[in-house]
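Worksheet for the structure shown next.
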Amino acid sequence: MTDNTAAGPDQFDGAASGRPAPKTETADSGPMLAADGRPLKASLNRALRRQKLRAMMLIAPLLIFVLVTFIAPIADMLFRSVENQIVSETLPRTTTELATWDGDAGEIPPPVVFEALYKDIFIAQERKLHTRLGSRLNYELTGVSSLFRKSGRNVDDMGEVYQDQFEDLNAFWEDGENWNRMMATPDWLDDITAWSEDREGSQPPFEMREEVAAVLPETAATFQTFADFVQFEDEDNLANEDPWAIVYSALYEDLQSGADVASLSGPGATELQEAAAAVAGFESVDYTAAFHDVDEDWHDIEVWQTIQTYSPDFTSGYFLNAVDMKKSPDGPEMRPENEQLHIMLFMRTLFMSLVITGSCILLGYPVAWILANLPARTANLLMILVLLPFWTSLLVRTSAWKVMLQQQGVVNDTLVWLGIVADDSRLALINNQTGTIIAMTHILLPFMILPLYSVMKTIPPSYLRAAKSLGATNWTAFWRVYFPQSVPGIGAGSILVFILSIGYYITPEIVGGTTGTFISNRIAYHISSSLNWGLAAALGAILLAVVLGLYWAYDKIVGIDNVKLGG
Amino acid sequence: MVALTPVSRTAPSFYVPVVATAGAVAGLFVGTAQGSSLLGVVIGALAMAAVAFVLTQVVKAEKPGRWALLALLAAVGFFMGGLPAGLIGAAFGWFFGWFSFWLYESRYRQHLVPYLTPGQVLWHYAFRVICGAILVFLITPIIVVMPLSFNAQNFFTFTPEMLRFDPAGYSLKHYEDFFTNADWQGALANSIKIAPAATLLSVTFGTLAAIGLSQPHVPFRRAIMAILISPMIVPLIISAAGMYFFYSRIGLQGTYLGVVLAHAALGIPFVIITVTATLVGFDNSLTRAAANMGANPVTTFFRVQMPLILPGVISGGLFAFITSFDEVVVVLFVGSAGQKTLPWQMFTGLREQISPTILAVATILVIVSIALLTVVELLRRRSERLRGMSPA
């Protein structure tokens, strides 16, 4: 007995010492421990962290998917709306030279700019980039596109002036192989000869002789550009190519500026010395005049101002264009009256969306009311009439309206048959605003009815009866008691319909004609027809900002979690 | 419907003029169609007043009286303008027979609360007529395309043959065109290739994410939700523009994969919304119970959670499917001729050479959407029953 009692506490202690006893620990105000001996708080935190991690791991694949397939494209679009590298990439030398030119002085840029322009356009036309730049600048100033195309065809002639003189001087200059021998390292020449025979592997990249590069810097740089282009863009054998005319111009320039050709030895040294002595007597090219001969627009200050204005890598030009303004040397200004289009389109889009939202409220409210107040069986039956259009393909409904609203369509035929409209004055219901409004009201009506219905369903009918029993007339009871409670439904439905309608493309495109189209049709036009992607992106960005603002409002009013589909 | 108000028969001085007014309206339409509206109004009013009086005061027996009127007016219509007019006559006969007795027996008053004034009763029915008209507006376009798709001519309106119910006026040739034309069949094949792949992607990712989102502790829940829902909110034309620019940068523009990815992104919000809605009622102790009995998470998911949320997953999948199947703006930009889908083909058809084959396709699509609607509705009911939200 005593043993037992003595052993009792011992055993208990033994058990307690083997495992930390939570109770005694608490009594000592130490941290509460979990079953595995960690402090309970840390353990709970760990469990919570693990839970969060598990939730995030479940969400992560989709989040990444949406970020890549959807958010990245939107970000790319926003980037494109300000991106403008094409000018400085295509005309690098010109834009650098032009940076210091002041257009307000009323004088065309100095000759050095024209010389830079000659080089830029020469290289651009070899790469077939000058027309792209032309169409880009044509958005800002009409006529630039043809100016660039014309110049691209003519720059070869300007360069040939020097080429011909060099070739007349010595037949050595006619041959591309001589050039290669003069400019390249002997190692490369061996490599390229070997490669030319068996064509195995990739073409050995051109290597410049350093002493030539030191004496003839301009020629070396131009030749390098030529060599890179031939080898990597055209993928031709450099050994068989004759250099561009522009290389001769560069050589002329180097020699004219007194290059120390006497210090050079190796292939071509004698021919170079001969040429250096002769260049003084060469006929020179006045690029300023030459470009004027190509097109006198090159002496138009406005052209140069446009190029200068769009030289930076990023531009607000597309956004200004999207609100009918343009960049000018004196800052942003409105476009001429006859070029203004986008503000009108934005206003029309907003106005028509408002009309559509309004008619949806007008038509949706009674239907939602009756659905919410009829006995469940009848209401469910009528609900099918609302849900069926909701589920039917958008194109089916649009084609139905196209068919019904035509001059020879069902609506006009019925009206004529009833004698309401004379046969020779059939109503123009399609390819105008009326068509867009009718068809879009029909298409978006379910989006108004469904949120209204779900709000009205929660309003107890007894409120209305109570109001009436307190002496309210029908109208007062509705207006003071029922209507205020249904306002959240109207808000939700209106924002939904409005958001959907300002971004609509298909229906206005098909039934809208020219007067019933929206801003989205203009965006699509710029993407697929005029190819002015920057402007399309800017218009899209503005539309997106409007929609996101409304989305934010919707989230505040309804909460995005409460979006319900199909009743 | 229970009778709320005790009623008695009304006096002829009330219902005869009312029926006469309705008759005048009907007469106006018939008269205008025949050339003289005034004559139509007068004849309609007089005839229908007489009909109402004779039916209620002379014939008295309701059923035979109404059938007789129906037959009579159908016959009159048939002799005046053939089968279509006969049908219209029958409709008038049915309506006026019903209307006369409805007023005469005061049935209109029976189911309304007793304290309503006559004006309120009138408004009650006027309101119903207005709602009916709006519902007709909603459903007409869908109803009209169906018979028009059987047109034997290449017209977009009812031909006289069709109105006469002449079999020669109807044909299946537009359906035949749809099933034999290589353009349409190619488009259908593309749609069938793209939509299921996109649906599979959005359902798999979407369900997992919805389960993750419905856990109690999710950091940045609102922000994540906003991102995942955004494809539904951003206007399609903007999504299409962005995807066109971006996908052409990374070489996905004009490829099958590009279109599938784009459509999957568009379908995801629908899956998220429907599945999270189903998960709201999900009892988490079930998964704990399963874990307690030794099931690993994968087994728990497939054997316990999945069967319960399956209705939500399927209806989300159906939404995603129909989004992809119906989508035209994005595929127009992201796809190339090789990915031409059915809606795209319809869109080109509507913009360029509109052919009645579109109506045949539209009818088929309406039937498909009716089938889908039925499935979704059944699933919704099943889901509610499973979660005990509504009595079975």
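Quick note on naming: the chains in the structure tokens go A, B, ... in the order shown, residues restart at 1 in each chain, and ligands are numbered from 1 in order of appearance.
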Output as a tab-separated table one row per residue of chain A within 7 Å of chain B: the closest atom pair and its distance in Å to one decimal place, counting only C-alpha atoms, sorted by chain and residue number ascending.
```
residue	atom	partner	partner_atom	distance
A:Lys52	CA	B:Val218	CA	5.7
A:Ala55	CA	B:Gly212	CA	4.3
A:Met56	CA	B:Gly212	CA	6.6
A:Leu58	CA	B:Gly212	CA	5.0
A:Ile59	CA	B:Ala209	CA	4.1
A:Pro61	CA	B:Phe205	CA	6.6
A:Leu62	CA	B:Phe205	CA	5.1
A:Leu63	CA	B:Leu228	CA	7.0
A:Val66	CA	B:Ala265	CA	6.1
A:Thr69	CA	B:Ala262	CA	6.4
A:Phe70	CA	B:Ala265	CA	6.4
A:Pro73	CA	B:Gly242	CA	4.4
A:Ile74	CA	B:Gly242	CA	4.9
A:Asp76	CA	B:Phe246	CA	6.1
A:Met77	CA	B:Gly242	CA	4.9
A:Leu363	CA	B:Ile134	CA	6.5
A:Pro366	CA	B:Cys131	CA	6.2
A:Val367	CA	B:Cys131	CA	5.5
A:Leu385	CA	B:Ile139	CA	6.3
A:Val386	CA	B:Leu138	CA	6.9
A:Leu388	CA	B:Ile370	CA	6.8
A:Pro389	CA	B:Ile139	CA	6.7
A:Trp391	CA	B:Ser369	CA	5.9
A:Thr392	CA	B:Ser369	CA	5.6
A:Ser393	CA	B:Asp326	CA	5.7
A:Leu394	CA	B:Asp326	CA	6.9
A:Leu395	CA	B:Pro343	CA	6.6
A:Val396	CA	B:Ala362	CA	5.0
A:Arg397	CA	B:Pro141	CA	6.6
A:Ser399	CA	B:Leu350	CA	6.9
A:Ala400	CA	B:Pro141	CA	5.3
A:Trp401	CA	B:Pro141	CA	6.4
A:Val403	CA	B:Phe156	CA	5.8
A:Gln408	CA	B:Thr157	CA	7.0
A:Gly409	CA	B:Thr157	CA	5.4
A:Val410	CA	B:Thr157	CA	5.4
A:Trp417	CA	B:Ala33	CA	5.7
A:Leu418	CA	B:Ala33	CA	5.0
A:Gly419	CA	B:Thr32	CA	5.4
A:His442	CA	B:Leu138	CA	6.2
A:Leu500	CA	B:Pro235	CA	6.8
A:Gly503	CA	B:Pro235	CA	4.7
A:Tyr505	CA	B:Ile237	CA	6.6
A:Ile510	CA	B:Arg351	CA	6.2
A:Ser520	CA	B:Ile237	CA	6.2
A:Gly540	CA	B:Ile238	CA	5.7
A:Leu544	CA	B:Val234	CA	6.8
A:Val547	CA	B:Val234	CA	7.0
```
If you take only C-alpha atoms and a cut-off of 12 Å, which residues of stretch 88-140 of chain A touch stretch 284-298 of chain A, and what are their nearest atom pairs and distances in Å to one decimal, in chain and number order, as CSV?
```
residue,atom,partner,partner_atom,distance
A:Glu107,CA,A:Trp298,CA,11.9
A:Ile108,CA,A:Trp298,CA,8.6
A:Pro109,CA,A:Thr288,CA,8.9
A:Pro110,CA,A:Thr288,CA,8.2
A:Pro111,CA,A:Thr288,CA,5.8
A:Val112,CA,A:Tyr287,CA,8.7
A:Val113,CA,A:Thr288,CA,8.7
A:Phe114,CA,A:Thr288,CA,5.7
A:Glu115,CA,A:Tyr287,CA,5.9
A:Ala116,CA,A:Tyr287,CA,9.4
A:Leu117,CA,A:Tyr287,CA,8.9
A:Tyr118,CA,A:Tyr287,CA,7.3
A:Lys119,CA,A:Tyr287,CA,10.5
A:Ile121,CA,A:Phe291,CA,11.2
```
Saved selection, atoms kept: N, CA and C atoms, as a PDB file, in the first residue's frame:
```
ATOM      1  N   GLU A 107      14.411  76.957 -91.105  1.00  0.00           N
ATOM      2  CA  GLU A 107      15.376  76.516 -92.108  1.00  0.00           C
ATOM      3  C   GLU A 107      15.433  75.000 -92.138  1.00  0.00           C
ATOM      4  N   ILE A 108      15.703  74.457 -93.315  1.00  0.00           N
ATOM      5  CA  ILE A 108      15.824  73.007 -93.403  1.00  0.00           C
ATOM      6  C   ILE A 108      17.099  72.586 -92.687  1.00  0.00           C
ATOM      7  N   PRO A 109      17.194  71.328 -92.288  1.00  0.00           N
ATOM      8  CA  PRO A 109      18.358  70.871 -91.518  1.00  0.00           C
ATOM      9  C   PRO A 109      19.649  71.008 -92.305  1.00  0.00           C
ATOM     10  N   PRO A 110      20.787  71.077 -91.612  1.00  0.00           N
ATOM     11  CA  PRO A 110      22.099  71.242 -92.271  1.00  0.00           C
ATOM     12  C   PRO A 110      22.453  70.023 -93.122  1.00  0.00           C
ATOM     13  N   PRO A 111      23.427  70.166 -94.027  1.00  0.00           N
ATOM     14  CA  PRO A 111      23.785  69.062 -94.945  1.00  0.00           C
ATOM     15  C   PRO A 111      24.134  67.774 -94.219  1.00  0.00           C
ATOM     16  N   VAL A 112      24.717  67.878 -93.027  1.00  0.00           N
ATOM     17  CA  VAL A 112      25.145  66.669 -92.328  1.00  0.00           C
ATOM     18  C   VAL A 112      23.940  65.757 -92.036  1.00  0.00           C
ATOM     19  N   VAL A 113      22.769  66.371 -91.810  1.00  0.00           N
ATOM     20  CA  VAL A 113      21.566  65.582 -91.570  1.00  0.00           C
ATOM     21  C   VAL A 113      21.174  64.831 -92.836  1.00  0.00           C
ATOM     22  N   PHE A 114      21.296  65.508 -93.973  1.00  0.00           N
ATOM     23  CA  PHE A 114      20.922  64.845 -95.226  1.00  0.00           C
ATOM     24  C   PHE A 114      21.868  63.696 -95.539  1.00  0.00           C
ATOM     25  N   GLU A 115      23.135  63.907 -95.183  1.00  0.00           N
ATOM     26  CA  GLU A 115      24.091  62.830 -95.417  1.00  0.00           C
ATOM     27  C   GLU A 115      23.739  61.624 -94.546  1.00  0.00           C
ATOM     28  N   ALA A 116      23.384  61.915 -93.269  1.00  0.00           N
ATOM     29  CA  ALA A 116      22.971  60.832 -92.371  1.00  0.00           C
ATOM     30  C   ALA A 116      21.722  60.143 -92.917  1.00  0.00           C
ATOM     31  N   LEU A 117      20.808  60.958 -93.438  1.00  0.00           N
ATOM     32  CA  LEU A 117      19.563  60.411 -93.989  1.00  0.00           C
ATOM     33  C   LEU A 117      19.859  59.482 -95.151  1.00  0.00           C
ATOM     34  N   TYR A 118      20.836  59.897 -95.996  1.00  0.00           N
ATOM     35  CA  TYR A 118      21.209  59.062 -97.133  1.00  0.00           C
ATOM     36  C   TYR A 118      21.657  57.687 -96.650  1.00  0.00           C
ATOM     37  N   LYS A 119      22.518  57.684 -95.619  1.00  0.00           N
ATOM     38  CA  LYS A 119      23.029  56.388 -95.127  1.00  0.00           C
ATOM     39  C   LYS A 119      21.895  55.568 -94.526  1.00  0.00           C
ATOM     40  N   ILE A 121      18.636  55.712 -95.027  1.00  0.00           N
ATOM     41  CA  ILE A 121      17.652  55.205 -95.986  1.00  0.00           C
ATOM     42  C   ILE A 121      18.274  54.123 -96.845  1.00  0.00           C
TER      43      ILE A 121
END
```
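Here atom CA of A:Leu78 stands at a distance of 11.1 Å from atom CA of A:Trp533.
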Q.
Among stretch 46-82 of chain A, which residues does DSSP mark as alpha helix (DSSP H) when it is run on the backbone? Keep the chain and numbering as in the structure and answer as a PyMOL selection string.
A. chain A and resi 46-66+72-80
Written selection (N, CA and C atoms) as a CSV table (one decimal), in the first residue's frame:
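Output (out.csv):
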```
chain,number,residue,atom,x,y,z
A,46,ARG,N,2.6,27.3,-38.1
A,46,ARG,CA,3.1,26.5,-39.2
A,46,ARG,C,2.0,25.8,-40.0
A,47,ALA,N,1.0,25.4,-39.2
A,47,ALA,CA,-0.2,24.8,-39.9
A,47,ALA,C,-0.9,25.8,-40.8
A,48,LEU,N,-1.0,27.0,-40.3
A,48,LEU,CA,-1.6,28.1,-41.1
A,48,LEU,C,-0.8,28.4,-42.4
A,49,ARG,N,0.5,28.4,-42.2
A,49,ARG,CA,1.4,28.7,-43.3
A,49,ARG,C,1.2,27.6,-44.3
A,50,ARG,N,1.2,26.4,-43.8
A,50,ARG,CA,1.1,25.2,-44.7
A,50,ARG,C,-0.3,25.3,-45.5
A,51,GLN,N,-1.3,25.7,-44.8
A,51,GLN,CA,-2.6,25.8,-45.4
A,51,GLN,C,-2.6,26.9,-46.5
A,52,LYS,N,-2.0,28.0,-46.1
A,52,LYS,CA,-1.9,29.1,-47.2
A,52,LYS,C,-1.1,28.6,-48.4
A,53,LEU,N,0.0,27.9,-48.1
A,53,LEU,CA,0.9,27.4,-49.1
A,53,LEU,C,0.1,26.4,-50.0
A,54,ARG,N,-0.7,25.6,-49.4
A,54,ARG,CA,-1.5,24.6,-50.2
A,54,ARG,C,-2.5,25.3,-51.0
A,55,ALA,N,-3.2,26.3,-50.5
A,55,ALA,CA,-4.1,27.1,-51.3
A,55,ALA,C,-3.4,27.8,-52.4
A,56,MET,N,-2.3,28.4,-52.2
A,56,MET,CA,-1.6,29.1,-53.2
A,56,MET,C,-1.1,28.1,-54.3
A,57,MET,N,-0.7,26.9,-53.9
A,57,MET,CA,-0.3,25.9,-54.9
A,57,MET,C,-1.4,25.4,-55.7
A,58,LEU,N,-2.6,25.4,-55.2
A,58,LEU,CA,-3.8,25.1,-56.0
A,58,LEU,C,-4.1,26.2,-57.0
A,59,ILE,N,-3.9,27.4,-56.5
A,59,ILE,CA,-4.3,28.6,-57.4
A,59,ILE,C,-3.2,28.9,-58.4
A,60,ALA,N,-1.9,28.6,-58.0
A,60,ALA,CA,-0.8,29.1,-58.8
A,60,ALA,C,-0.9,28.7,-60.3
A,61,PRO,N,-1.2,27.4,-60.6
A,61,PRO,CA,-1.2,27.1,-62.0
A,61,PRO,C,-2.1,27.9,-62.9
A,62,LEU,N,-3.3,28.2,-62.3
A,62,LEU,CA,-4.3,29.0,-63.1
A,62,LEU,C,-3.8,30.4,-63.1
A,63,LEU,N,-3.3,30.9,-62.0
A,63,LEU,CA,-2.9,32.3,-62.0
A,63,LEU,C,-1.8,32.5,-63.0
A,64,ILE,N,-0.8,31.6,-63.1
A,64,ILE,CA,0.2,31.8,-64.0
A,64,ILE,C,-0.3,31.7,-65.4
A,65,PHE,N,-1.3,30.7,-65.6
A,65,PHE,CA,-1.9,30.6,-66.9
A,65,PHE,C,-2.6,31.9,-67.4
A,66,VAL,N,-3.4,32.5,-66.5
A,66,VAL,CA,-4.1,33.7,-66.8
A,66,VAL,C,-3.1,34.8,-67.0
A,72,ALA,N,-0.6,39.3,-69.8
A,72,ALA,CA,0.6,39.7,-70.6
A,72,ALA,C,0.2,40.3,-71.9
A,73,PRO,N,-0.8,39.7,-72.6
A,73,PRO,CA,-1.3,40.4,-73.8
A,73,PRO,C,-1.8,41.8,-73.6
A,74,ILE,N,-2.5,42.0,-72.5
A,74,ILE,CA,-3.1,43.3,-72.2
A,74,ILE,C,-1.9,44.3,-71.9
A,75,ALA,N,-1.0,43.8,-71.1
A,75,ALA,CA,0.2,44.6,-70.8
A,75,ALA,C,0.9,45.0,-72.1
A,76,ASP,N,1.1,44.0,-73.0
A,76,ASP,CA,1.7,44.2,-74.2
A,76,ASP,C,1.0,45.3,-75.0
A,77,MET,N,-0.3,45.2,-75.0
A,77,MET,CA,-1.1,46.2,-75.7
A,77,MET,C,-0.8,47.6,-75.2
A,78,LEU,N,-0.8,47.7,-73.8
A,78,LEU,CA,-0.6,49.0,-73.2
A,78,LEU,C,0.8,49.5,-73.6
A,79,PHE,N,1.8,48.6,-73.7
A,79,PHE,CA,3.1,49.0,-74.0
A,79,PHE,C,3.2,49.5,-75.5
A,80,ARG,N,2.5,48.8,-76.3
A,80,ARG,CA,2.4,49.2,-77.7
A,80,ARG,C,1.8,50.6,-77.9
```
(Q) Just to confirm, what's the straight-line distance from atom CA of B:Pro12 to atom CA of B:Gly77 in Å (one decimal)? (A)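 Atom CA of B:Pro12 sits 27.3 Å away from atom CA of B:Gly77.
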Q) Skipping near chain neighbours, those fewer than 4 positions away, what residues fall within 12 Å of A:Val546 using only C-alpha atoms, listed as a PyMOL selection string? A) (chain A and resi 346+349-350+495+498-500+502-503+539-542+550-553) or (chain B and resi 233-235)
Q: Work out how far apart atom CA of A:Gln305 and atom CA of A:Ser81 are and give it in Å to one decimal.
A: 21.4 Å
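Residue neighbourhood of B:Trp98, excluding near-sequence residues (fewer than 2 positions): B:Val19, B:Val51, B:Ala52, B:Leu55, B:Thr56, B:Glu62, B:Lys63, B:Pro64, B:Gly65, B:Arg66, B:Trp67, B:Leu69, B:Leu70, B:Ala91, B:Phe92, B:Gly93, B:Trp94, B:Phe95, B:Phe96, B:Ser100, B:Phe101, B:Trp102, B:Leu103, B:Tyr104, B:Glu105, B:Ser106, B:Arg107, B:Tyr108, at 12 Å, using only C-alpha atoms.
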Q: For stretch 109-113 of chain B, please output as a PyMOL selection string all residues within 6 Å (counting only C-alpha atoms; exclusion window: fewer than 6 positions along the same chain).
A: chain B and resi 3-5
